[in-house]
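A.B. asks: Provided herewith: start01.csv, CSV, C-alpha atoms and all ligand atoms.
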chain,number,residue,atom,x,y,z
A,1,MET,CA,9.0,-40.3,-25.1
A,2,ALA,CA,10.4,-38.2,-22.2
A,3,LYS,CA,9.3,-34.6,-22.2
A,4,ARG,CA,11.9,-32.2,-23.6
A,5,ILE,CA,13.4,-29.6,-21.3
A,6,ASP,CA,12.1,-26.1,-22.3
A,7,LEU,CA,15.2,-23.9,-22.3
A,8,TYR,CA,13.2,-20.7,-22.5
A,9,SER,CA,11.7,-21.6,-19.1
A,10,MET,CA,15.1,-21.6,-17.4
A,11,THR,CA,17.1,-18.9,-15.7
A,12,GLU,CA,20.8,-18.6,-16.4
A,13,LYS,CA,21.6,-20.3,-13.1
A,14,GLU,CA,19.3,-23.2,-13.9
A,15,LEU,CA,21.1,-23.5,-17.3
A,16,CYS,CA,24.5,-23.7,-15.6
A,17,SER,CA,23.2,-26.6,-13.4
A,18,LEU,CA,21.8,-28.2,-16.5
A,19,ALA,CA,25.1,-28.0,-18.3
A,20,GLU,CA,26.8,-29.6,-15.2
A,21,THR,CA,24.3,-32.5,-15.2
A,22,MET,CA,25.1,-33.0,-18.9
A,23,GLY,CA,28.8,-33.4,-18.0
A,24,GLU,CA,29.8,-29.8,-19.0
A,25,LYS,CA,31.4,-27.0,-17.1
A,26,ALA,CA,28.8,-24.7,-15.5
A,27,PHE,CA,29.9,-21.7,-17.6
A,28,ARG,CA,28.6,-23.5,-20.7
A,29,GLY,CA,25.2,-22.7,-19.3
A,30,LYS,CA,26.0,-19.0,-19.4
A,31,GLN,CA,27.0,-19.3,-23.0
A,32,LEU,CA,23.8,-21.2,-23.8
A,33,PHE,CA,21.8,-18.5,-22.1
A,34,ASN,CA,23.5,-15.9,-24.3
A,35,TRP,CA,22.6,-17.8,-27.4
A,36,LEU,CA,19.0,-18.2,-26.5
A,37,TYR,CA,18.5,-14.4,-26.2
A,38,SER,CA,20.8,-13.3,-29.1
A,39,GLY,CA,18.7,-14.9,-31.8
A,40,ALA,CA,20.2,-18.4,-32.3
A,41,GLY,CA,17.8,-20.3,-34.5
A,42,SER,CA,19.1,-23.7,-33.8
A,43,PHE,CA,21.6,-25.6,-31.6
A,44,ASP,CA,24.0,-25.7,-34.6
A,45,ASP,CA,24.3,-21.9,-34.4
A,46,MET,CA,25.8,-22.2,-31.0
A,47,THR,CA,29.4,-22.5,-32.3
A,48,ASN,CA,31.2,-22.0,-29.0
A,49,LEU,CA,29.6,-25.1,-27.6
A,50,SER,CA,31.1,-28.5,-28.3
A,51,LYS,CA,29.5,-30.7,-30.9
A,52,GLY,CA,28.8,-33.3,-28.2
A,53,PHE,CA,27.0,-30.8,-26.0
A,54,ARG,CA,24.9,-29.5,-28.9
A,55,GLY,CA,23.9,-33.0,-29.8
A,56,ALA,CA,22.8,-33.7,-26.2
A,57,LEU,CA,20.8,-30.5,-26.1
A,58,GLU,CA,19.2,-31.4,-29.4
A,59,GLU,CA,18.2,-34.8,-28.1
A,60,ASN,CA,16.9,-33.7,-24.7
A,61,CYS,CA,15.9,-30.0,-24.9
A,62,SER,CA,13.7,-27.7,-26.9
A,63,MET,CA,14.0,-24.0,-27.8
A,64,CYS,CA,10.7,-23.8,-29.8
A,65,LEU,CA,8.9,-20.5,-30.4
A,66,PRO,CA,5.2,-20.4,-31.0
A,67,THR,CA,4.1,-20.4,-34.6
A,68,VAL,CA,1.9,-17.6,-36.1
A,69,ALA,CA,-1.6,-19.0,-36.7
A,70,ARG,CA,-2.9,-15.6,-37.8
A,71,LYS,CA,-1.6,-12.1,-37.9
A,72,GLN,CA,-3.5,-8.9,-38.4
A,73,VAL,CA,-1.9,-5.5,-39.0
A,74,SER,CA,-3.9,-2.3,-38.2
A,75,VAL,CA,-3.7,0.9,-40.2
A,76,ASP,CA,-2.0,2.4,-37.0
A,77,GLY,CA,0.7,-0.2,-37.1
A,78,THR,CA,-0.7,-2.3,-34.2
A,79,VAL,CA,0.0,-6.0,-34.9
A,80,LYS,CA,-2.1,-8.7,-33.4
A,81,TYR,CA,-1.0,-12.3,-33.4
A,82,ALA,CA,-2.8,-15.6,-32.7
A,83,PHE,CA,0.1,-17.9,-31.8
A,84,ARG,CA,-0.1,-21.6,-31.8
A,85,LEU,CA,1.7,-23.4,-29.0
A,86,SER,CA,3.4,-26.9,-29.3
A,87,ASP,CA,0.2,-28.7,-28.0
A,88,GLY,CA,-2.1,-26.8,-30.5
A,89,GLU,CA,-3.4,-24.3,-28.0
A,90,VAL,CA,-4.0,-20.8,-29.5
A,91,ILE,CA,-3.2,-17.6,-27.6
A,92,GLU,CA,-3.0,-14.0,-28.5
A,93,SER,CA,-0.4,-11.2,-28.3
A,94,VAL,CA,-0.5,-7.6,-29.5
A,95,VAL,CA,2.4,-5.4,-30.4
A,96,MET,CA,1.8,-1.7,-30.2
A,97,SER,CA,4.0,1.1,-31.5
A,98,TYR,CA,4.4,4.3,-29.5
A,99,HIS,CA,6.8,7.2,-29.9
A,100,HIS,CA,8.8,5.7,-27.0
A,101,GLY,CA,9.1,2.3,-28.6
A,102,HIS,CA,7.3,-1.0,-28.9
A,103,THR,CA,5.1,-2.6,-26.3
A,104,ILE,CA,3.8,-6.1,-26.3
A,105,CYS,CA,0.6,-7.3,-24.6
A,106,LEU,CA,1.2,-10.9,-23.4
A,107,SER,CA,-1.1,-13.8,-22.6
A,108,THR,CA,-0.3,-15.7,-19.4
A,109,GLN,CA,-2.9,-18.5,-19.7
A,110,ALA,CA,-4.8,-20.3,-22.5
A,111,GLY,CA,-8.3,-19.0,-21.9
A,112,CYS,CA,-9.3,-17.6,-18.5
A,113,ASN,CA,-11.4,-18.7,-15.6
A,114,MET,CA,-12.3,-15.3,-14.2
A,115,GLY,CA,-15.4,-15.0,-16.3
A,116,CYS,CA,-15.5,-11.2,-16.8
A,117,ARG,CA,-18.7,-10.6,-18.8
A,118,PHE,CA,-17.3,-8.2,-21.3
A,119,CYS,CA,-14.3,-10.3,-22.2
A,120,ALA,CA,-14.0,-12.7,-25.1
A,121,SER,CA,-11.1,-14.6,-23.4
A,122,ALA,CA,-13.5,-15.8,-20.7
A,123,ILE,CA,-15.7,-17.7,-23.2
A,124,GLY,CA,-14.9,-21.4,-22.7
A,125,GLY,CA,-12.8,-20.8,-19.5
A,126,LYS,CA,-9.2,-21.6,-18.9
A,127,THR,CA,-7.6,-24.6,-20.7
A,128,ARG,CA,-4.2,-24.3,-18.9
A,129,ASP,CA,-1.5,-22.0,-17.5
A,130,LEU,CA,1.3,-21.0,-19.8
A,131,SER,CA,4.8,-21.9,-18.8
A,132,CYS,CA,7.4,-19.1,-18.4
A,133,GLY,CA,8.9,-20.2,-21.7
A,134,GLU,CA,5.6,-19.9,-23.5
A,135,ILE,CA,5.2,-16.3,-22.1
A,136,MET,CA,8.8,-15.6,-23.3
A,137,GLY,CA,8.2,-17.2,-26.6
A,138,GLN,CA,5.5,-14.6,-27.5
A,139,ILE,CA,8.0,-11.8,-27.3
A,140,LEU,CA,10.8,-13.6,-29.1
A,141,ALA,CA,8.5,-14.7,-31.9
A,142,ALA,CA,7.1,-11.2,-32.3
A,143,GLN,CA,10.5,-9.6,-32.3
A,144,LYS,CA,11.7,-12.0,-34.9
A,145,ASP,CA,8.7,-11.5,-37.1
A,146,LEU,CA,8.8,-7.7,-36.9
A,147,SER,CA,12.6,-7.2,-36.7
A,148,VAL,CA,12.1,-4.8,-33.8
A,149,ARG,CA,13.2,-4.7,-30.1
A,150,ILE,CA,10.3,-4.7,-27.7
A,151,GLY,CA,11.0,-2.6,-24.6
A,152,ASN,CA,7.8,-2.6,-22.7
A,153,ILE,CA,5.6,-5.5,-21.5
A,154,VAL,CA,2.0,-5.5,-20.4
A,155,PHE,CA,0.3,-8.5,-19.0
A,156,MET,CA,-3.2,-7.7,-20.3
A,157,GLY,CA,-3.7,-10.5,-22.9
A,158,MET,CA,-5.5,-13.7,-22.3
A,159,GLY,CA,-5.6,-15.0,-18.7
A,160,GLU,CA,-5.3,-13.5,-15.2
A,161,PRO,CA,-1.5,-13.1,-14.6
A,162,LEU,CA,-1.9,-13.4,-10.8
A,163,ASP,CA,-3.6,-16.8,-11.3
A,164,ASN,CA,-0.3,-18.0,-12.8
A,165,LEU,CA,2.0,-15.9,-10.5
A,166,GLU,CA,4.9,-18.3,-10.2
A,167,GLN,CA,5.5,-18.5,-14.0
A,168,VAL,CA,5.0,-14.8,-14.4
A,169,LEU,CA,7.5,-14.0,-11.7
A,170,LYS,CA,10.1,-16.4,-13.2
A,171,PHE,CA,9.5,-14.9,-16.7
A,172,MET,CA,10.1,-11.4,-15.3
A,173,GLU,CA,13.3,-12.6,-13.6
A,174,ILE,CA,14.6,-13.9,-17.0
A,175,ALA,CA,13.4,-10.9,-19.0
A,176,THR,CA,15.0,-8.3,-16.7
A,177,CYS,CA,18.3,-10.1,-16.8
A,178,GLU,CA,20.9,-8.1,-18.6
A,179,LYS,CA,21.8,-11.0,-20.8
A,180,GLY,CA,18.2,-12.0,-21.2
A,181,LEU,CA,15.9,-9.3,-22.7
A,182,ASN,CA,17.4,-6.6,-20.5
A,183,ILE,CA,14.0,-4.9,-19.8
A,184,GLY,CA,13.8,-3.1,-16.5
A,185,TYR,CA,11.0,-3.9,-14.0
A,186,ARG,CA,9.6,-0.4,-14.5
A,187,HIS,CA,8.8,-1.3,-18.1
A,188,PHE,CA,6.3,-4.0,-16.9
A,189,THR,CA,2.7,-3.5,-16.2
A,190,LEU,CA,0.7,-6.3,-14.7
A,191,SER,CA,-3.1,-6.0,-15.0
A,192,THR,CA,-5.3,-8.0,-12.6
A,193,CYS,CA,-9.0,-8.4,-12.1
A,194,GLY,CA,-8.3,-8.1,-8.4
A,195,LEU,CA,-7.1,-11.4,-6.8
A,196,CYS,CA,-6.5,-9.9,-3.4
A,197,ASP,CA,-4.5,-12.7,-1.9
A,198,LYS,CA,-2.2,-12.7,-4.8
A,199,ILE,CA,-1.8,-8.9,-4.8
A,200,VAL,CA,-0.5,-9.3,-1.2
A,201,LEU,CA,1.9,-12.0,-2.3
A,202,LEU,CA,3.1,-9.9,-5.2
A,203,ALA,CA,3.6,-7.0,-2.7
A,204,GLU,CA,6.1,-9.2,-0.8
A,205,GLU,CA,8.3,-9.4,-3.9
A,206,LYS,CA,8.7,-5.6,-3.8
A,207,LEU,CA,9.2,-5.3,-7.5
A,208,PRO,CA,9.1,-1.8,-9.1
A,209,ILE,CA,6.5,-2.8,-11.7
A,210,ASN,CA,3.3,-1.0,-12.5
A,211,LEU,CA,0.2,-2.6,-11.1
A,212,ALA,CA,-3.1,-2.0,-12.9
A,213,VAL,CA,-6.4,-3.2,-11.5
A,214,SER,CA,-9.6,-3.6,-13.5
A,215,VAL,CA,-12.3,-1.9,-11.4
A,216,HIS,CA,-15.0,-0.9,-13.9
A,217,SER,CA,-17.6,0.0,-11.2
A,218,PRO,CA,-17.2,1.4,-7.7
A,219,PHE,CA,-20.4,-0.4,-6.6
A,220,ASP,CA,-20.2,-4.0,-5.5
A,221,SER,CA,-23.5,-5.1,-6.9
A,222,GLN,CA,-22.7,-3.8,-10.4
A,223,ARG,CA,-19.1,-4.9,-10.3
A,224,SER,CA,-20.1,-8.4,-9.3
A,225,GLU,CA,-22.4,-8.6,-12.3
A,226,MET,CA,-19.6,-7.5,-14.6
A,227,MET,CA,-16.8,-9.4,-12.9
A,228,PRO,CA,-17.7,-12.5,-10.8
A,229,VAL,CA,-14.4,-12.2,-9.0
A,230,ASN,CA,-15.9,-9.4,-7.0
A,231,LYS,CA,-18.1,-11.9,-5.1
A,232,LYS,CA,-15.0,-13.4,-3.6
A,233,TYR,CA,-13.0,-10.2,-3.4
A,234,PRO,CA,-15.3,-7.2,-3.0
A,235,LEU,CA,-14.1,-3.7,-3.4
A,236,ALA,CA,-13.3,-3.0,0.2
A,237,LYS,CA,-11.1,-6.0,0.3
A,238,LEU,CA,-9.5,-5.0,-3.0
A,239,VAL,CA,-8.7,-1.5,-1.6
A,240,ASP,CA,-7.1,-3.1,1.5
A,241,ALA,CA,-4.9,-5.3,-0.6
A,242,LEU,CA,-3.9,-2.4,-2.8
A,243,LYS,CA,-3.0,-0.4,0.4
A,244,VAL,CA,-0.7,-3.3,1.4
A,245,TYR,CA,0.8,-3.3,-2.1
A,246,GLN,CA,1.4,0.4,-2.1
A,247,ALA,CA,2.9,0.4,1.4
A,248,ALA,CA,5.4,-2.3,0.3
A,249,THR,CA,6.3,-0.9,-3.1
A,250,GLY,CA,5.6,2.8,-3.0
A,251,ARG,CA,4.1,2.5,-6.5
A,252,ARG,CA,1.1,4.4,-7.9
A,253,ILE,CA,-1.8,2.1,-8.7
A,254,THR,CA,-3.5,2.3,-12.1
A,255,VAL,CA,-7.3,1.9,-11.9
A,256,GLU,CA,-8.6,0.5,-15.2
A,257,TYR,CA,-12.1,1.7,-15.9
A,258,ALA,CA,-13.9,0.7,-19.1
A,259,LEU,CA,-16.9,2.9,-19.8
A,260,ASN,CA,-20.1,1.0,-20.7
A,261,LYS,CA,-22.7,3.3,-22.3
A,262,GLY,CA,-25.4,4.4,-19.8
A,263,SER,CA,-24.3,1.8,-17.3
A,264,ASN,CA,-21.2,2.8,-15.3
A,265,ASP,CA,-20.3,6.1,-16.9
A,266,SER,CA,-22.2,8.6,-14.7
A,267,VAL,CA,-20.8,11.3,-12.5
A,268,GLU,CA,-22.2,9.3,-9.5
A,269,HIS,CA,-19.8,6.5,-10.5
A,270,ALA,CA,-16.9,8.9,-10.8
A,271,LYS,CA,-17.7,10.3,-7.3
A,272,GLU,CA,-17.9,6.9,-5.7
A,273,LEU,CA,-14.7,5.8,-7.4
A,274,MET,CA,-12.9,8.8,-5.8
A,275,ARG,CA,-14.4,8.0,-2.4
A,276,LEU,CA,-13.3,4.4,-2.7
A,277,PHE,CA,-9.7,5.0,-3.7
A,278,GLY,CA,-9.3,8.2,-1.6
A,279,GLY,CA,-6.6,6.6,0.6
A,280,LEU,CA,-4.4,5.5,-2.3
A,281,LEU,CA,-2.1,7.2,-4.8
A,282,TYR,CA,-3.7,6.2,-8.1
A,283,HIS,CA,-4.3,7.1,-11.7
A,284,VAL,CA,-7.5,6.3,-13.5
A,285,ASN,CA,-7.1,4.9,-17.0
A,286,VAL,CA,-10.4,5.3,-18.8
A,287,ILE,CA,-10.9,2.8,-21.5
A,288,PRO,CA,-13.4,3.0,-24.4
A,289,ILE,CA,-15.0,-0.5,-23.9
A,290,ASN,CA,-14.6,-2.9,-26.7
A,291,ASN,CA,-18.0,-4.1,-28.1
A,292,ALA,CA,-16.8,-7.7,-27.8
A,293,ARG,CA,-19.8,-9.1,-26.0
A,294,GLU,CA,-23.5,-8.4,-25.9
A,295,GLY,CA,-24.6,-5.8,-23.4
A,296,PHE,CA,-21.4,-3.8,-23.6
A,297,TYR,CA,-21.3,-0.7,-25.8
A,298,LYS,CA,-18.8,2.2,-26.0
A,299,SER,CA,-19.9,5.3,-24.2
A,300,GLY,CA,-20.4,8.4,-26.3
A,301,ARG,CA,-17.7,11.1,-26.5
A,302,GLU,CA,-19.7,13.5,-24.3
A,303,ALA,CA,-20.1,11.0,-21.5
A,304,VAL,CA,-16.4,10.0,-21.6
A,305,LYS,CA,-15.4,13.7,-21.4
A,306,LYS,CA,-17.8,14.4,-18.5
A,307,PHE,CA,-16.5,11.4,-16.6
A,308,VAL,CA,-12.9,12.3,-17.0
A,309,ASP,CA,-13.4,16.0,-16.5
A,310,TYR,CA,-15.2,15.4,-13.2
A,311,LEU,CA,-12.2,13.3,-12.0
A,312,THR,CA,-9.5,15.7,-13.1
A,313,GLY,CA,-11.6,18.7,-11.9
A,314,GLN,CA,-11.4,17.1,-8.4
A,315,GLY,CA,-7.6,16.7,-8.7
A,316,VAL,CA,-7.6,13.0,-9.6
A,317,SER,CA,-5.1,12.0,-12.3
A,318,ALA,CA,-7.2,10.5,-15.1
A,319,THR,CA,-6.6,10.0,-18.9
A,320,VAL,CA,-8.4,8.2,-21.7
A,321,ARG,CA,-6.5,5.3,-23.1
A,322,ARG,CA,-5.6,5.8,-26.8
A,323,GLU,CA,-7.4,3.2,-28.9
A,324,LEU,CA,-4.9,1.2,-31.0
A,325,GLY,CA,-5.8,-1.4,-33.5
A,326,ALA,CA,-9.5,-0.4,-33.5
A,327,ASP,CA,-9.8,-1.8,-37.1
A,328,ILE,CA,-8.6,-5.3,-36.2
A,329,SER,CA,-9.9,-7.7,-33.6
A,330,ALA,CA,-8.0,-6.0,-30.8
A,331,ALA,CA,-10.1,-7.1,-27.8
A,332,CYS,CA,-8.4,-10.0,-26.1
A,333,GLY,CA,-9.8,-13.4,-27.1
A,334,GLN,CA,-11.5,-12.3,-30.4
A,335,LEU,CA,-8.8,-13.5,-32.8
A,336,LYS,CA,-8.3,-16.8,-31.0
A,337,HIS,CA,-12.0,-17.5,-31.5
A,338,GLN,CA,-11.7,-16.6,-35.2
A,339,VAL,CA,-8.8,-19.0,-35.6
A,340,GLU,CA,-10.6,-21.8,-33.8
A,341,LYS,CA,-13.8,-21.4,-35.9
A,342,SER,CA,-11.9,-21.4,-39.2
A,401,LIG,S1,-10.7,-9.5,-18.5
A,401,LIG,FE1,-8.8,-10.5,-18.0
A,401,LIG,S2,-9.3,-11.5,-16.0
A,401,LIG,FE2,-11.3,-11.0,-17.0
A,401,LIG,S3,-11.9,-12.8,-18.1
A,401,LIG,FE3,-10.7,-11.5,-19.6
A,401,LIG,S4,-8.6,-12.2,-19.5
A,401,LIG,FE4,-9.7,-13.0,-17.7
Output the structure of this file as structure tokens.
Ligand code: SF4
C.D. replies:
Amino acid sequence: MAKRIDLYSMTEKELCSLAETMGEKAFRGKQLFNWLYSGAGSFDDMTNLSKGFRGALEENCSMCLPTVARKQVSVDGTVKYAFRLSDGEVIESVVMSYHHGHTICLSTQAGCNMGCRFCASAIGGKTRDLSCGEIMGQILAAQKDLSVRIGNIVFMGMGEPLDNLEQVLKFMEIATCEKGLNIGYRHFTLSTCGLCDKIVLLAEEKLPINLAVSVHSPFDSQRSEMMPVNKKYPLAKLVDALKVYQAATGRRITVEYALNKGSNDSVEHAKELMRLFGGLLYHVNVIPINNAREGFYKSGREAVKKFVDYLTGQGVSATVRRELGADISAACGQLKHQVEKS
């Protein structure tokens, strides 16, 4: 059977071309686009499209959302989903509630090839990239389940978003569209482990999104142990790529730094971090590390305070990320493994 066309992977313009190839006027594609993002549950709901066109869409296209394989709700309201895709792959998404609205953390790949030692998503490597429609499906399914509008998007779930850049860019194009999700680029945060070539490619797009980079150690030897990507793209290269990015976009960089007890949480580390990023406009987001894998343990409160106080005392913008969903399996990759084991 021929593969069905995934309508959630298409821009409005592509849907107009699709309508024409199906013998309809181009504007029918615009109507179809409106239906997709205004909650139509089936082709039958699309009452301003002819019966013949709806039948043809039914036969050749799909507008499937992922199904909920498991859902966990934290006492703080954070909701974690394990979503099952049409081929059985399981991915994760997390919806967090803040005073300014709802934020979703999206997966961009099934599994991940980057091998970060502290991350449960790295176990088993990457199975495949997600399509733009599968990235979109996570938001639409979560919005439907929770009956809320999600206004902020972070790419910090399973997978390295820059390793699936084409689909991520297309997803953002559709999501920012007024008739799509109407979410401005400034409400997107893309988090990368530091794929320098792709950071430079992203810079060429000049999008006003927030770029976050997982650093976790300012020393190459230690960072290479925690994050194998550092062997290919060591810190000096990373900083060069970030300079290119900042020159092109004017955006402040977020440095993600997960504190691992007695390992990377000393003042020496804070000092070297400052030296390394000195030529950039940046903010340090200190993260209490999730005890997801052996060898990684949350730093004590005192150590966290000392680390952050040192940075802020030197005039560096630094905050500790609020822990949400601490009582559920909130570290990326953990829930998927639970679902697969059960
Ligand atoms: S931290 Fe991110 S880049 Fe690293 S293995 Fe996990 S999902 Fe991949």
A.B. asks: Show which residues sit within 9 Å of A:Asn210, as a list in words. Count all atoms listed in the file, and ignore same-chain residues fewer than 2 positions away.
C.D. replies: Tyr185, Arg186, His187, Phe188, Thr189, Leu190, Ser191, Leu207, Pro208, Ala212, Arg251, Arg252, Ile253 and Thr254 of chain A
A.B. asks: Would you give me, as JSON lines, each residue of chain A having an atom within 8 Å of an atom of ligand LIG 401 (chain A), along with its shortest atom pair and that distance in Å to one decimal, using only C-alpha atoms and all ligand atoms and sorting by chain and residue number?
C.D. replies:
{"residue": "A:Gly111", "atom": "CA", "partner": "A:LIG401", "partner_atom": "S4", "distance": 7.2}
{"residue": "A:Cys112", "atom": "CA", "partner": "A:LIG401", "partner_atom": "FE4", "distance": 4.7}
{"residue": "A:Asn113", "atom": "CA", "partner": "A:LIG401", "partner_atom": "FE4", "distance": 6.3}
{"residue": "A:Met114", "atom": "CA", "partner": "A:LIG401", "partner_atom": "S3", "distance": 4.6}
{"residue": "A:Gly115", "atom": "CA", "partner": "A:LIG401", "partner_atom": "S3", "distance": 4.5}
{"residue": "A:Cys116", "atom": "CA", "partner": "A:LIG401", "partner_atom": "S3", "distance": 4.1}
{"residue": "A:Arg117", "atom": "CA", "partner": "A:LIG401", "partner_atom": "S3", "distance": 7.2}
{"residue": "A:Phe118", "atom": "CA", "partner": "A:LIG401", "partner_atom": "S1", "distance": 7.3}
{"residue": "A:Cys119", "atom": "CA", "partner": "A:LIG401", "partner_atom": "FE3", "distance": 4.6}
{"residue": "A:Ala120", "atom": "CA", "partner": "A:LIG401", "partner_atom": "FE3", "distance": 6.5}
{"residue": "A:Ser121", "atom": "CA", "partner": "A:LIG401", "partner_atom": "FE3", "distance": 4.9}
{"residue": "A:Ala122", "atom": "CA", "partner": "A:LIG401", "partner_atom": "S3", "distance": 4.3}
{"residue": "A:Met156", "atom": "CA", "partner": "A:LIG401", "partner_atom": "FE1", "distance": 6.7}
{"residue": "A:Gly157", "atom": "CA", "partner": "A:LIG401", "partner_atom": "S4", "distance": 6.2}
{"residue": "A:Met158", "atom": "CA", "partner": "A:LIG401", "partner_atom": "S4", "distance": 4.4}
{"residue": "A:Gly159", "atom": "CA", "partner": "A:LIG401", "partner_atom": "S4", "distance": 4.2}
{"residue": "A:Glu160", "atom": "CA", "partner": "A:LIG401", "partner_atom": "S2", "distance": 4.5}
{"residue": "A:Ser191", "atom": "CA", "partner": "A:LIG401", "partner_atom": "FE1", "distance": 7.9}
{"residue": "A:Thr192", "atom": "CA", "partner": "A:LIG401", "partner_atom": "S2", "distance": 6.3}
{"residue": "A:Cys193", "atom": "CA", "partner": "A:LIG401", "partner_atom": "S2", "distance": 5.0}
{"residue": "A:Ser214", "atom": "CA", "partner": "A:LIG401", "partner_atom": "S1", "distance": 7.8}
{"residue": "A:Met227", "atom": "CA", "partner": "A:LIG401", "partner_atom": "FE2", "distance": 7.0}
{"residue": "A:Cys332", "atom": "CA", "partner": "A:LIG401", "partner_atom": "S4", "distance": 7.0}
{"residue": "A:Gly333", "atom": "CA", "partner": "A:LIG401", "partner_atom": "S4", "distance": 7.8}
A.B. asks: Have a look at A:Glu302, A:Glu134, A:Glu323, A:Asp197 and name the one nearest to A:Lys170; count only C-alpha atoms.
C.D. replies: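 Looking only at the distances to A:Lys170, the closest residue turns out to be A:Glu134.
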A.B. asks: Give the answer as one residue: which of A:Gly180, A:Pro218, A:Gly52, A:Pro161 has the shortest atom-to-atom distance to A:Lys30, using all atoms listed in the file?
C.D. replies: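 With all atoms listed in the file as the atom set, the closest residue is A:Gly180.
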A.B. asks: Can you pull out the residues contacting A:Arg54? Cut-off 10 Å, using all atoms listed in the file, and skip same-chain residues under 5 positions away; I want them as a PyMOL selection string.
C.D. replies: chain A and resi 32+42-49+59-61
A.B. asks: Using all atoms listed in the file, can you tell me which of A:Ile209, A:Ile104, A:Leu57, A:Met96 comes closest to A:Gly184?
C.D. replies: A:Ile209
A.B. asks: Taking (1.9, -3.7, -5.2) in the file's coordinates, which residues come within 7 Å, counting all atoms listed in the file, written as a list of chain:residue names?
C.D. replies: A:Ile199, A:Leu202, A:Ala203, A:Leu211, A:Leu242, A:Tyr245, A:Gln246, A:Ala248, A:Thr249, A:Arg251
A.B. asks: Name the closest residue to A:Gly250 among the candidates A:Leu280, A:Ile91, A:Ala2, A:Thr108; distances are taken between atoms, counting all atoms listed in the file.
C.D. replies: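 Of the candidates, the smallest distance to A:Gly250 is held by A:Leu280.
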A.B. asks: So, with all atoms listed in the file as the atoms that count, which of A:Ala318, A:Cys196, A:Tyr257, A:Glu204 lies closest to A:Lys231?
C.D. replies: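 The closest residue to A:Lys231 is A:Cys196.
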A.B. asks: Just the number, please: distance in Å from atom CA of A:Gly41 to atom CA of A:Lys179, one decimal.
C.D. replies: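 Pair atom CA of A:Gly41 / atom CA of A:Lys179 returns 17.0 Å.
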A.B. asks: If you count all atoms listed in the file, which residues fall within 10 Å of A:Gln167, apart from same-chain ones fewer than 6 positions away, as a list of chain:residue names?
C.D. replies: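 Returned residues: A:Ser9, A:Thr108, A:Asp129, A:Leu130, A:Ser131, A:Cys132, A:Gly133, A:Glu134, A:Ile135, A:Pro161, A:Glu173.
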A.B. asks: Work out how far atom CA of A:Arg293 is from atom CA of A:Pro234, in Å to one decimal.
C.D. replies: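 Going from atom CA of A:Pro234 over to atom CA of A:Arg293, I get 23.5 Å.
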A.B. asks: Between A:Leu165, A:Val316, A:Ala110, A:Leu259, which is the closest to A:Ser299 once you count all atoms listed in the file?
C.D. replies: A:Leu259
A.B. asks: Write out as a VMD selection string which residues come within 7 Å of A:Val68 when counting all atoms listed in the file, dropping same-chain ones fewer than 6 positions away.
C.D. replies: chain A and resid 81 to 84
A.B. asks: Take the residues just selected and output them with C-alpha atoms as an mmCIF file, in the frame of the given file.
C.D. replies:
data_model
loop_
_atom_site.group_PDB
_atom_site.id
_atom_site.type_symbol
_atom_site.label_atom_id
_atom_site.label_comp_id
_atom_site.auth_asym_id
_atom_site.auth_seq_id
_atom_site.Cartn_x
_atom_site.Cartn_y
_atom_site.Cartn_z
ATOM 1 C CA TYR A 81 -1.000 -12.300 -33.400
ATOM 2 C CA ALA A 82 -2.800 -15.600 -32.700
ATOM 3 C CA PHE A 83 0.100 -17.900 -31.800
ATOM 4 C CA ARG A 84 -0.100 -21.600 -31.800
#
A.B. asks: May I have the residues within 8 Å of A:Tyr233 as a list in words, using only C-alpha atoms and disregarding those fewer than 2 positions away in the same chain?
C.D. replies: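 Residues near the query, excluding close chain neighbours: Gly194, Leu195, Cys196, Val229, Asn230, Lys231, Leu235, Lys237 and Leu238 of chain A.
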A.B. asks: Please measure the separation of atom CA of A:Ala26 and atom CA of A:Ala56, giving the value in Å to one decimal.
C.D. replies: 15.2 Å
A.B. asks: For stretch 193-198 of chain A, what centre and edge lengths in Å (one decimal) does the axis-aligned box get once 5 Å is added on each side of all its listed atoms, as lines of an AutoDock Vina configuration file?
C.D. replies:
center_x = -5.6
center_y = -10.4
center_z = -7.0
size_x = 16.8
size_y = 14.6
size_z = 20.2
